[in-house]
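Q: Here you go, protein10.cif (mmCIF, C-alpha atoms):
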```
data_coords
#
loop_
_atom_site.label_atom_id
_atom_site.label_comp_id
_atom_site.auth_asym_id
_atom_site.auth_seq_id
_atom_site.Cartn_x
_atom_site.Cartn_y
_atom_site.Cartn_z
CA MET A 15 -65.39 6.73 -25.89
CA SER A 16 -66.92 8.82 -23.14
CA GLU A 17 -63.53 10.34 -22.38
CA GLU A 18 -63.25 11.53 -25.96
CA ASN A 19 -66.65 13.15 -25.66
CA ASN A 20 -65.54 14.86 -22.50
CA LEU A 21 -62.46 16.19 -24.19
CA GLN A 22 -64.51 17.54 -27.05
CA ASN A 23 -66.69 19.39 -24.61
CA LEU A 24 -63.71 21.26 -23.16
CA THR A 25 -62.83 24.75 -24.27
CA SER A 26 -59.45 25.26 -25.87
CA LYS A 27 -58.18 26.98 -22.71
CA GLU A 28 -59.23 24.02 -20.60
CA ARG A 29 -57.65 21.65 -23.05
CA TYR A 30 -54.40 23.60 -22.90
CA ASP A 31 -54.34 23.51 -19.09
CA LEU A 32 -55.02 19.81 -19.03
CA LYS A 33 -52.22 19.14 -21.47
CA LYS A 34 -49.85 21.31 -19.43
CA ALA A 35 -50.73 19.52 -16.20
CA GLU A 36 -50.19 16.21 -17.92
CA THR A 37 -46.75 17.17 -19.19
CA GLU A 38 -45.82 18.44 -15.75
CA LEU A 39 -46.91 15.20 -14.17
CA VAL A 40 -44.91 13.18 -16.68
CA SER A 41 -41.79 15.25 -16.20
CA LYS A 42 -42.23 15.06 -12.45
CA GLN A 43 -42.48 11.28 -12.64
CA HIS A 44 -39.51 11.26 -14.94
CA ARG A 45 -37.48 13.33 -12.51
CA ARG A 46 -38.48 11.12 -9.62
CA ARG A 47 -37.45 8.02 -11.53
CA LEU A 48 -34.16 9.62 -12.44
CA THR A 49 -33.49 10.54 -8.82
CA ARG A 50 -34.26 6.98 -7.78
CA ARG A 51 -31.85 5.63 -10.39
CA VAL A 52 -29.10 8.00 -9.35
CA LEU A 53 -29.60 7.02 -5.71
CA PHE A 54 -29.61 3.33 -6.62
CA TRP A 55 -26.32 3.50 -8.50
CA THR A 56 -24.65 5.79 -5.97
CA PHE A 57 -25.61 3.37 -3.23
CA ALA A 58 -24.34 0.39 -5.27
CA LEU A 59 -21.07 2.16 -6.02
CA LEU A 60 -20.56 3.06 -2.36
CA ILE A 61 -21.16 -0.54 -1.28
CA ILE A 62 -18.73 -1.89 -3.87
CA VAL A 63 -15.99 0.62 -3.02
CA GLY A 64 -16.59 0.03 0.70
CA ALA A 65 -16.31 -3.73 0.16
CA VAL A 66 -12.99 -3.37 -1.66
CA LEU A 67 -11.55 -1.12 1.05
CA GLY A 68 -12.83 -3.47 3.75
CA MET A 69 -11.22 -6.49 2.13
CA VAL A 70 -7.89 -4.70 1.63
CA LYS A 71 -7.90 -3.73 5.29
CA LEU A 72 -8.90 -7.23 6.37
CA SER A 73 -6.14 -8.82 4.30
CA GLY A 74 -3.55 -6.78 6.17
CA THR A 75 -4.65 -7.58 9.71
CA PRO A 76 -3.00 -10.50 11.44
CA PRO A 77 -5.33 -13.37 12.34
CA SER A 78 -4.65 -13.19 16.07
CA ASN A 79 -3.67 -10.29 18.25
CA GLN A 80 -2.50 -12.20 21.27
CA THR A 81 1.22 -12.10 21.82
CA ALA A 82 2.78 -15.48 22.37
CA LEU A 83 6.02 -15.71 24.27
CA LEU A 84 9.04 -17.84 23.56
CA THR A 85 9.04 -20.44 26.32
CA ASP A 86 12.35 -22.15 25.61
CA ALA A 87 15.29 -19.82 26.05
CA VAL A 88 17.98 -19.70 23.42
CA SER A 89 20.78 -22.11 24.24
CA SER A 90 24.09 -23.25 22.83
CA SER A 91 22.36 -26.17 21.09
CA ASP A 92 20.51 -23.71 18.83
CA TRP A 93 21.90 -22.84 15.42
CA SER A 94 22.76 -19.18 15.35
CA ARG A 95 24.45 -16.59 13.19
CA GLY A 96 25.02 -12.87 13.34
CA ASN A 97 26.56 -11.33 16.45
CA GLN A 98 26.69 -13.94 19.21
CA GLU A 99 26.89 -11.20 21.87
CA ALA A 100 24.03 -9.11 20.48
CA LYS A 101 21.29 -7.96 22.81
CA VAL A 102 18.62 -8.36 20.14
CA ILE A 103 17.76 -12.00 19.54
CA PHE A 104 15.70 -13.05 16.58
CA VAL A 105 14.26 -16.57 16.65
CA GLU A 106 12.64 -18.13 13.60
CA TYR A 107 10.53 -21.30 13.64
CA SER A 108 10.63 -22.54 10.11
CA ASP A 109 10.03 -25.38 7.72
CA PHE A 110 12.36 -25.89 4.74
CA GLN A 111 9.48 -27.05 2.55
CA CYS A 112 7.10 -24.21 3.38
CA PRO A 113 6.68 -21.75 0.48
CA ALA A 114 6.13 -18.82 2.85
CA CYS A 115 9.39 -19.65 4.64
CA SER A 116 11.28 -19.61 1.37
CA ALA A 117 9.56 -16.33 0.51
CA TYR A 118 10.94 -14.87 3.75
CA TYR A 119 14.37 -16.39 3.26
CA PRO A 120 15.79 -13.53 1.10
CA LEU A 121 14.32 -10.96 3.51
CA LEU A 122 16.03 -12.56 6.49
CA LYS A 123 19.23 -12.92 4.51
CA LYS A 124 19.20 -9.22 3.74
CA LEU A 125 18.37 -8.49 7.37
CA ASN A 126 21.43 -10.50 8.39
CA GLU A 127 23.57 -8.50 5.97
CA ASP A 128 22.19 -5.16 7.18
CA PHE A 129 22.01 -5.89 10.91
CA GLY A 130 24.34 -8.85 11.36
CA GLY A 131 26.46 -6.96 13.86
CA LYS A 132 23.52 -6.06 16.06
CA ILE A 133 21.39 -9.19 16.02
CA LYS A 134 21.75 -12.85 16.88
CA PHE A 135 19.70 -15.02 14.52
CA ILE A 136 18.39 -18.39 15.68
CA TYR A 137 16.88 -21.06 13.46
CA ARG A 138 14.55 -23.66 14.99
CA HIS A 139 12.88 -26.49 13.13
CA PHE A 140 9.13 -26.64 12.84
CA PRO A 141 8.54 -29.17 10.04
CA LEU A 142 4.83 -29.40 9.18
CA ARG A 143 4.91 -33.14 8.57
CA GLN A 144 1.19 -33.41 7.88
CA ILE A 145 1.37 -31.24 4.79
CA HIS A 146 5.06 -31.26 3.76
CA LYS A 147 6.30 -34.79 3.25
CA ASN A 148 9.99 -33.90 2.85
CA ALA A 149 10.13 -31.20 5.51
CA GLU A 150 11.42 -33.43 8.28
CA LEU A 151 14.03 -35.07 6.07
CA ALA A 152 15.22 -31.62 5.01
CA ALA A 153 15.54 -30.63 8.66
CA HIS A 154 17.61 -33.77 9.27
CA ALA A 155 19.78 -32.90 6.25
CA ALA A 156 20.49 -29.44 7.62
CA GLU A 157 21.40 -30.95 11.00
CA ALA A 158 23.62 -33.56 9.33
CA ALA A 159 25.42 -30.78 7.44
CA GLY A 160 25.65 -28.93 10.74
CA ARG A 161 27.60 -31.86 12.19
CA GLN A 162 30.24 -31.02 9.59
CA GLY A 163 30.05 -27.32 10.36
CA LYS A 164 27.87 -26.27 7.44
CA PHE A 165 24.37 -25.94 8.86
CA TRP A 166 23.76 -22.44 7.45
CA GLN A 167 25.17 -23.29 4.04
CA MET A 168 22.77 -26.23 3.80
CA HIS A 169 19.96 -24.04 5.18
CA ASP A 170 20.55 -21.54 2.36
CA MET A 171 20.81 -24.27 -0.24
CA LEU A 172 17.55 -25.93 0.85
CA PHE A 173 15.60 -22.69 0.64
CA GLU A 174 17.17 -21.57 -2.61
CA ASN A 175 16.34 -24.88 -4.28
CA GLN A 176 13.04 -25.62 -2.55
CA ASN A 177 11.18 -26.12 -5.83
CA ASN A 178 13.66 -28.74 -6.95
CA TRP A 179 13.09 -31.15 -4.08
CA SER A 180 9.75 -30.42 -2.41
CA GLY A 181 7.77 -32.43 -4.97
CA LYS A 182 10.10 -35.44 -4.96
CA SER A 183 9.60 -38.78 -3.27
CA GLY A 184 11.47 -39.38 -0.04
CA SER A 185 14.34 -41.36 -1.54
CA ASP A 186 14.75 -38.97 -4.48
CA ALA A 187 14.82 -36.03 -2.10
CA GLU A 188 17.49 -37.84 -0.08
CA ASP A 189 19.61 -38.19 -3.24
CA THR A 190 19.15 -34.50 -3.96
CA PHE A 191 20.23 -33.59 -0.42
CA ALA A 192 23.29 -35.82 -0.82
CA SER A 193 24.16 -33.92 -4.00
CA TYR A 194 23.89 -30.64 -2.07
CA ALA A 195 26.19 -32.11 0.57
CA ARG A 196 28.65 -32.98 -2.19
CA SER A 197 28.56 -29.48 -3.62
CA LEU A 198 29.25 -28.11 -0.12
CA ASN A 199 32.32 -30.37 0.01
CA LEU A 200 30.93 -32.43 2.87
CA ASP A 201 31.82 -36.03 3.56
CA VAL A 202 28.80 -37.47 1.76
CA GLU A 203 29.06 -40.94 3.26
CA ARG A 204 29.04 -39.52 6.76
CA PHE A 205 26.25 -37.13 5.80
CA ASN A 206 24.06 -39.99 4.61
CA LYS A 207 24.74 -41.96 7.76
CA ASP A 208 24.00 -38.96 9.98
CA LEU A 209 20.59 -38.51 8.41
CA ASP A 210 19.40 -41.48 10.46
CA LEU A 211 21.11 -40.42 13.65
CA LYS A 212 18.89 -40.58 16.70
CA ASP A 213 20.40 -37.39 18.15
CA ILE A 214 19.51 -35.46 15.02
CA LYS A 215 15.94 -36.73 15.00
CA GLU A 216 15.59 -35.83 18.65
CA LYS A 217 17.01 -32.37 18.08
CA VAL A 218 14.44 -31.66 15.35
CA GLU A 219 11.64 -33.10 17.49
CA ASN A 220 12.73 -31.00 20.48
CA ASP A 221 12.68 -27.88 18.34
CA TYR A 222 9.20 -28.78 17.13
CA GLN A 223 7.93 -29.38 20.68
CA SER A 224 9.42 -26.11 21.91
CA GLY A 225 7.53 -24.42 19.08
CA VAL A 226 4.29 -26.06 20.16
CA ARG A 227 4.92 -24.81 23.71
CA SER A 228 5.35 -21.29 22.35
CA GLN A 229 2.04 -21.53 20.48
CA VAL A 230 3.65 -21.79 17.08
CA ASN A 231 1.02 -23.17 14.71
CA ALA A 232 2.23 -21.89 11.37
CA THR A 233 5.52 -21.22 9.68
CA PRO A 234 7.45 -19.03 9.63
CA THR A 235 6.87 -17.69 13.13
CA PHE A 236 9.23 -15.02 14.43
CA PHE A 237 10.14 -14.07 17.97
CA LEU A 238 12.01 -10.88 18.70
CA ASN A 239 13.59 -10.87 22.14
CA GLY A 240 11.16 -13.50 23.30
CA ALA A 241 7.93 -11.96 22.03
CA LYS A 242 6.17 -13.23 18.94
CA PHE A 243 5.69 -10.64 16.23
CA GLU A 244 3.37 -10.84 13.28
CA ASN A 245 4.90 -11.71 9.95
CA PRO A 246 5.95 -8.50 8.22
CA ARG A 247 4.50 -7.85 4.79
CA SER A 248 7.65 -6.39 3.31
CA TYR A 249 11.34 -5.92 4.01
CA GLU A 250 10.67 -2.30 4.97
CA GLU A 251 8.19 -3.37 7.61
CA LEU A 252 10.63 -5.94 8.95
CA ARG A 253 13.50 -3.46 8.99
CA SER A 254 11.58 -0.76 10.83
CA ARG A 255 10.44 -3.28 13.44
CA ILE A 256 14.04 -4.41 13.95
CA GLU A 257 15.37 -0.85 14.03
CA GLN A 258 12.89 -0.07 16.77
CA GLU A 259 14.15 -3.01 18.82
CA VAL A 260 17.83 -2.25 18.15
CA GLY A 261 17.21 1.37 19.12
CA VAL A 262 15.74 0.40 22.49
CA ASN A 263 18.56 -1.98 23.35
CA MET B 25 -38.74 -5.90 -34.72
CA LYS B 26 -41.28 -4.21 -32.51
CA ASN B 27 -42.79 -7.58 -31.74
CA SER B 28 -39.53 -9.10 -30.61
CA GLU B 29 -39.01 -6.14 -28.24
CA VAL B 30 -42.41 -6.80 -26.76
CA GLU B 31 -41.56 -10.45 -26.50
CA LEU B 32 -38.29 -9.67 -24.70
CA ASN B 33 -40.13 -7.43 -22.29
CA ARG B 34 -42.63 -10.16 -21.63
CA ARG B 35 -39.86 -12.66 -20.96
CA SER B 36 -38.19 -10.19 -18.68
CA ALA B 37 -41.42 -9.78 -16.71
CA SER B 38 -41.62 -13.53 -16.21
CA ILE B 39 -38.29 -13.68 -14.38
CA SER B 40 -38.76 -13.83 -10.65
CA LYS B 41 -37.25 -10.95 -8.71
CA LYS B 42 -35.91 -13.45 -6.20
CA LEU B 43 -33.73 -14.95 -8.89
CA ILE B 44 -32.15 -11.57 -9.55
CA PHE B 45 -31.51 -11.09 -5.85
CA VAL B 46 -29.81 -14.48 -5.75
CA LEU B 47 -27.60 -13.26 -8.61
CA VAL B 48 -26.78 -10.06 -6.76
CA ALA B 49 -26.10 -11.84 -3.47
CA ALA B 50 -23.98 -14.67 -4.92
CA SER B 51 -21.92 -12.35 -7.10
CA PHE B 52 -21.39 -10.00 -4.16
CA ILE B 53 -20.16 -12.85 -1.94
CA GLY B 54 -17.90 -14.07 -4.73
CA PHE B 55 -16.66 -10.53 -5.23
CA LEU B 56 -15.81 -10.10 -1.52
CA ASP B 57 -14.03 -13.44 -1.48
CA ALA B 58 -11.98 -12.84 -4.63
CA THR B 59 -11.14 -9.28 -3.60
CA TYR B 60 -9.86 -10.55 -0.26
CA LEU B 61 -7.57 -13.04 -1.99
CA THR B 62 -6.39 -10.42 -4.49
CA ALA B 63 -5.64 -7.95 -1.70
CA LYS B 64 -3.79 -10.71 0.12
CA TYR B 65 -1.81 -11.41 -3.06
CA TYR B 66 -0.70 -7.81 -3.53
CA PHE B 67 -0.52 -6.42 0.01
CA GLY B 68 -0.66 -9.33 2.42
CA GLY B 69 2.87 -10.68 2.21
CA PRO B 70 3.54 -14.42 2.09
CA ILE B 71 0.74 -16.54 3.53
CA PRO B 72 2.17 -18.61 6.38
CA CYS B 73 2.04 -22.39 6.19
CA ALA B 74 -0.28 -23.90 8.76
CA ILE B 75 -1.36 -27.43 9.39
CA LEU B 76 -5.02 -26.63 9.13
CA ASN B 77 -5.23 -24.66 5.92
CA GLY B 78 -4.15 -25.53 2.44
CA CYS B 79 -4.31 -21.97 1.22
CA GLU B 80 -0.62 -21.27 1.03
CA GLU B 81 -0.19 -24.38 -1.13
CA VAL B 82 -2.97 -23.33 -3.43
CA VAL B 83 -2.44 -19.60 -3.51
CA THR B 84 1.29 -19.91 -4.13
CA SER B 85 1.01 -22.71 -6.68
CA LYS B 86 1.65 -22.20 -10.37
CA TYR B 87 -2.09 -22.61 -10.98
CA SER B 88 -2.78 -19.43 -9.03
CA ALA B 89 -1.76 -17.10 -11.85
CA ILE B 90 -2.19 -16.94 -15.61
CA PHE B 91 0.53 -14.99 -17.44
CA GLY B 92 1.37 -13.25 -14.19
CA VAL B 93 -2.22 -12.22 -13.50
CA PRO B 94 -3.46 -13.79 -10.26
CA VAL B 95 -6.55 -15.93 -10.74
CA SER B 96 -8.15 -14.12 -7.81
CA LEU B 97 -7.96 -10.84 -9.76
CA LEU B 98 -9.71 -12.48 -12.71
CA GLY B 99 -12.30 -13.75 -10.23
CA THR B 100 -12.78 -10.25 -8.85
CA ALA B 101 -13.38 -8.92 -12.37
CA TYR B 102 -15.77 -11.76 -13.19
CA TYR B 103 -17.92 -11.31 -10.07
CA LEU B 104 -17.89 -7.54 -10.47
CA ILE B 105 -19.19 -7.84 -14.05
CA VAL B 106 -21.98 -10.18 -12.95
CA LEU B 107 -22.82 -7.93 -10.00
CA VAL B 108 -22.96 -4.72 -12.02
CA LEU B 109 -24.98 -6.35 -14.82
CA SER B 110 -27.46 -7.78 -12.29
CA LEU B 111 -27.86 -4.34 -10.76
CA ALA B 112 -28.22 -2.87 -14.24
CA TYR B 113 -30.98 -5.38 -14.88
CA LEU B 114 -32.79 -4.27 -11.73
CA ASP B 115 -32.55 -0.75 -13.11
CA LEU B 116 -33.32 -1.32 -16.80
CA ARG B 117 -35.31 -4.58 -16.88
CA ASN B 118 -33.78 -5.54 -20.17
CA TYR B 119 -34.06 -9.25 -20.87
CA ARG B 120 -30.92 -9.19 -23.03
CA LEU B 121 -28.85 -8.26 -19.97
CA VAL B 122 -30.06 -11.13 -17.88
CA ARG B 123 -29.69 -13.54 -20.79
CA PHE B 124 -26.10 -12.40 -21.21
CA ILE B 125 -25.44 -12.93 -17.46
CA ALA B 126 -26.91 -16.43 -17.67
CA ARG B 127 -24.57 -17.31 -20.54
CA PHE B 128 -21.62 -15.58 -18.91
CA THR B 129 -21.92 -17.70 -15.74
CA VAL B 130 -20.83 -20.76 -17.74
CA LEU B 131 -17.36 -19.19 -17.82
CA GLY B 132 -17.25 -18.93 -14.03
CA LEU B 133 -18.48 -22.49 -13.64
CA LEU B 134 -15.84 -23.89 -16.00
CA ALA B 135 -13.07 -21.90 -14.28
CA SER B 136 -14.26 -23.17 -10.89
CA ILE B 137 -14.36 -26.78 -12.06
CA TRP B 138 -10.80 -26.53 -13.36
CA LEU B 139 -9.52 -24.86 -10.18
CA LEU B 140 -11.27 -27.39 -7.94
CA PHE B 141 -9.84 -30.19 -10.06
CA ALA B 142 -6.32 -28.75 -9.76
CA GLN B 143 -6.73 -28.39 -5.99
CA ILE B 144 -8.04 -31.88 -5.36
CA PHE B 145 -6.09 -33.97 -7.87
CA ILE B 146 -2.88 -32.03 -8.48
CA LEU B 147 -2.18 -30.00 -5.34
CA HIS B 148 -4.00 -32.34 -2.91
CA SER B 149 -5.10 -29.44 -0.78
CA LEU B 150 -8.23 -27.35 -0.70
CA CYS B 151 -8.30 -23.66 -0.04
CA PHE B 152 -11.32 -22.44 1.91
CA TYR B 153 -11.61 -19.19 -0.06
CA CYS B 154 -11.47 -21.04 -3.36
CA VAL B 155 -14.27 -23.34 -2.20
CA ILE B 156 -16.43 -20.32 -1.35
CA SER B 157 -15.78 -19.01 -4.84
CA ALA B 158 -16.70 -22.37 -6.38
CA VAL B 159 -19.99 -22.35 -4.46
CA SER B 160 -20.81 -18.78 -5.54
CA SER B 161 -20.11 -19.48 -9.18
CA SER B 162 -22.20 -22.67 -9.05
CA VAL B 163 -25.10 -20.72 -7.53
CA LEU B 164 -24.72 -18.14 -10.30
CA PHE B 165 -24.74 -20.82 -12.95
CA VAL B 166 -27.86 -22.52 -11.56
CA SER B 167 -29.65 -19.17 -11.31
CA GLY B 168 -28.62 -18.59 -14.91
CA LEU B 169 -30.26 -21.88 -15.88
CA PHE B 170 -33.49 -20.87 -14.14
CA ILE B 171 -33.43 -17.50 -15.87
CA ILE B 172 -33.06 -19.08 -19.30
CA LYS B 173 -35.75 -21.60 -18.40
CA SER B 174 -38.29 -19.02 -17.26
CA GLY B 175 -37.53 -17.03 -20.42
CA ILE B 176 -38.16 -20.08 -22.62
CA ASN B 177 -41.32 -21.19 -20.79
CA ARG B 178 -42.77 -17.80 -21.48
CA SER B 179 -42.23 -17.87 -25.24
#
```
Please lay out the structure from this file as structure tokens.
A:
Amino acid sequence: MSEENNLQNLTSKERYDLKKAETELVSKQHRRRLTRRVLFWTFALLIIVGAVLGMVKLSGTPPSNQTALLTDAVSSSDWSRGNQEAKVIFVEYSDFQCPACSAYYPLLKKLNEDFGGKIKFIYRHFPLRQIHKNAELAAHAAEAAGRQGKFWQMHDMLFENQNNWSGKSGSDAEDTFASYARSLNLDVERFNKDLDLKDIKEKVENDYQSGVRSQVNATPTFFLNGAKFENPRSYEELRSRIEQEVGVN
Amino acid sequence: MKNSEVELNRRSASISKKLIFVLVAASFIGFLDATYLTAKYYFGGPIPCAILNGCEEVVTSKYSAIFGVPVSLLGTAYYLIVLVLSLAYLDLRNYRLVRFIARFTVLGLLASIWLLFAQIFILHSLCFYCVISAVSSSVLFVSGLFIIKSGINRS
């Protein structure tokens, strides 16, 4: 009420100035609020973009930087393919039931086709028994096929058909492996008998223990000329790493 | 019409700021987590099998993608929507926004329940990153409940 009286007492000039000042104040406040909003959203956007970039970078870095060394030298008891005399030796610790190993299988196969003359490829068993119930049996099956000279053929078959046997019970998986042996023209009776062979079980166990000694704790783990190297993310990455090594030797 | 706007504003005022910060924080954590898994899916190469994590089982299983879209990417989108809407609420103070978020979190909760179920009873292995996501989406859902509750108490 008193304010209205005050206003009425003002001259028109004074009233005009007051109004002008008021509008200026409002627009100033408005501008300030707008600036704050722009800052707020810019900041939020920066944080979100930064988070995405950070996560992409993080996803590409290997979990450990320490380089493990292969403790057990390659010997004649190891399964190998490629050039036996090659100076570049590629050792893989693998598990036939591991999805990552089967994801790498076509990459290594292509590597063997592209560099077979320059590299010696070694396969060592590292069945993760705790999480893959048929992994050890599959390793035994590959060894049993190896006794009849077809280790690598069985190796390929196990990886190519991983989905068909990894979910099966032990005895069903055994039947499936026997059918693979049949399709590879192996002596199936001998194959089945060899699955229980003490030598074969020991061989797989020895491979596993040698992996433990070389700090293998996941599959696949690769060693190039004795030094562990982080799993490549693509064939290109793998190839350039190998080319580097072939170039030096 | 005017009255209902006033009412909405009043409800909005009754929502504790802490609750909104919980929304922002939980959705940001979920966003980081899902983005990491998505990045891993597209750029990380195959996840190695290790004795101590079940992630390769879970992340490579058939439950990890819907029509070829990785679940982690859907998760990223979900958390990003919640995050941006929560920030928008901080900016605009519109009750409708926060009510929408509260309803939207049901989706995240249901997805998390299904994924946890698949991990425990079908795949028999738990993935650490998926558990983080399940926790974030549960926190979001509970915050959503509180938001609805404080809105109702007010009216």
Q: How would you write, as a PyMOL selection string, the residues chosen by the PyMOL selection byres ((chain A) within 6 of (chain B)) on this structure?
A: chain A and resi 69-70+73-74+114+232-233+247
Q: Within 7 Å of segment 124-139 of chain B, counting all atoms listed in the file, which residues show up once you throw out same-chain ones fewer than 2 positions away? Write them as a PyMOL selection string, please.
A: chain B and resi 106+120-122+141-143+158+161-162+164-165+168-169+171-172
Q: Would you kindly return, as a list in words, each protein, DNA or RNA residue with an atom no farther than 12 Å from any atom of Ser91 of chain A, considering only C-alpha atoms and excluding same-chain residues fewer than 2 positions away?
A: Asp86, Ala87, Val88, Ser89, Trp93, Ser94, Ile136, Tyr137, Arg138, Glu157, Gly160, Arg161, Asp213, Ile214, Lys217, Val218, Asn220 and Asp221 of chain A
Q: Please write as JSON, numbers by chain the full residue list that the PyMOL selection byres ((chain A and resi 121-128) around 12) yields on this file.
A: {"A": [94, 95, 96, 97, 103, 104, 105, 106, 108, 114, 115, 116, 117, 118, 119, 120, 129, 130, 131, 132, 133, 134, 135, 136, 137, 166, 167, 169, 170, 173, 174, 234, 236, 245, 246, 247, 248, 249, 250, 251, 252, 253, 254, 255, 256, 257], "B": [69, 70]}
Q: Mind pulling up the distance from atom CA of Leu172 of chain A to atom CA of Ala155 of chain A?
A: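 Taking atom CA of Ala155 of chain A as the start and atom CA of Leu172 of chain A as the end point, the length is 9.1 Å.
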Q: Using the chain letters and residue numbers of this document, give as a PDB file with C-alpha atoms, in the frame of the given file the residues selected by the PyMOL selection byres ((chain A and resi 182) around 12).
A:
```
ATOM      1  CA  GLN A 111       9.480 -27.050   2.550  1.00  0.00           C
ATOM      2  CA  HIS A 146       5.060 -31.260   3.760  1.00  0.00           C
ATOM      3  CA  LYS A 147       6.300 -34.790   3.250  1.00  0.00           C
ATOM      4  CA  ASN A 148       9.990 -33.900   2.850  1.00  0.00           C
ATOM      5  CA  ALA A 149      10.130 -31.200   5.510  1.00  0.00           C
ATOM      6  CA  LEU A 151      14.030 -35.070   6.070  1.00  0.00           C
ATOM      7  CA  ALA A 152      15.220 -31.620   5.010  1.00  0.00           C
ATOM      8  CA  GLN A 176      13.040 -25.620  -2.550  1.00  0.00           C
ATOM      9  CA  ASN A 177      11.180 -26.120  -5.830  1.00  0.00           C
ATOM     10  CA  ASN A 178      13.660 -28.740  -6.950  1.00  0.00           C
ATOM     11  CA  TRP A 179      13.090 -31.150  -4.080  1.00  0.00           C
ATOM     12  CA  SER A 180       9.750 -30.420  -2.410  1.00  0.00           C
ATOM     13  CA  GLY A 181       7.770 -32.430  -4.970  1.00  0.00           C
ATOM     14  CA  SER A 183       9.600 -38.780  -3.270  1.00  0.00           C
ATOM     15  CA  GLY A 184      11.470 -39.380  -0.040  1.00  0.00           C
ATOM     16  CA  SER A 185      14.340 -41.360  -1.540  1.00  0.00           C
ATOM     17  CA  ASP A 186      14.750 -38.970  -4.480  1.00  0.00           C
ATOM     18  CA  ALA A 187      14.820 -36.030  -2.100  1.00  0.00           C
ATOM     19  CA  GLU A 188      17.490 -37.840  -0.080  1.00  0.00           C
ATOM     20  CA  ASP A 189      19.610 -38.190  -3.240  1.00  0.00           C
ATOM     21  CA  THR A 190      19.150 -34.500  -3.960  1.00  0.00           C
ATOM     22  CA  PHE A 191      20.230 -33.590  -0.420  1.00  0.00           C
TER      23      PHE A 191
END
```
Q: May I have the residues within 8 Å of Leu84 of chain A as number ranges by chain, using only C-alpha atoms and disregarding those fewer than 2 positions away in the same chain?
A: A: 82, 86-87, 228, 237, 240-242
Q: For atom CA of Ser36 of chain B and atom CA of Leu39 of chain A, determine how far apart the two atoms are, in Å to one decimal place.
A: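 Answer for the atom CA of Ser36 of chain B to atom CA of Leu39 of chain A separation: 27.2 Å.
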Q: What is the atom CA of Lys33 of chain A-atom CA of Val30 of chain B distance in Å, reported with one decimal?
A: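 Computing it gives 28.2 Å between the two atoms.
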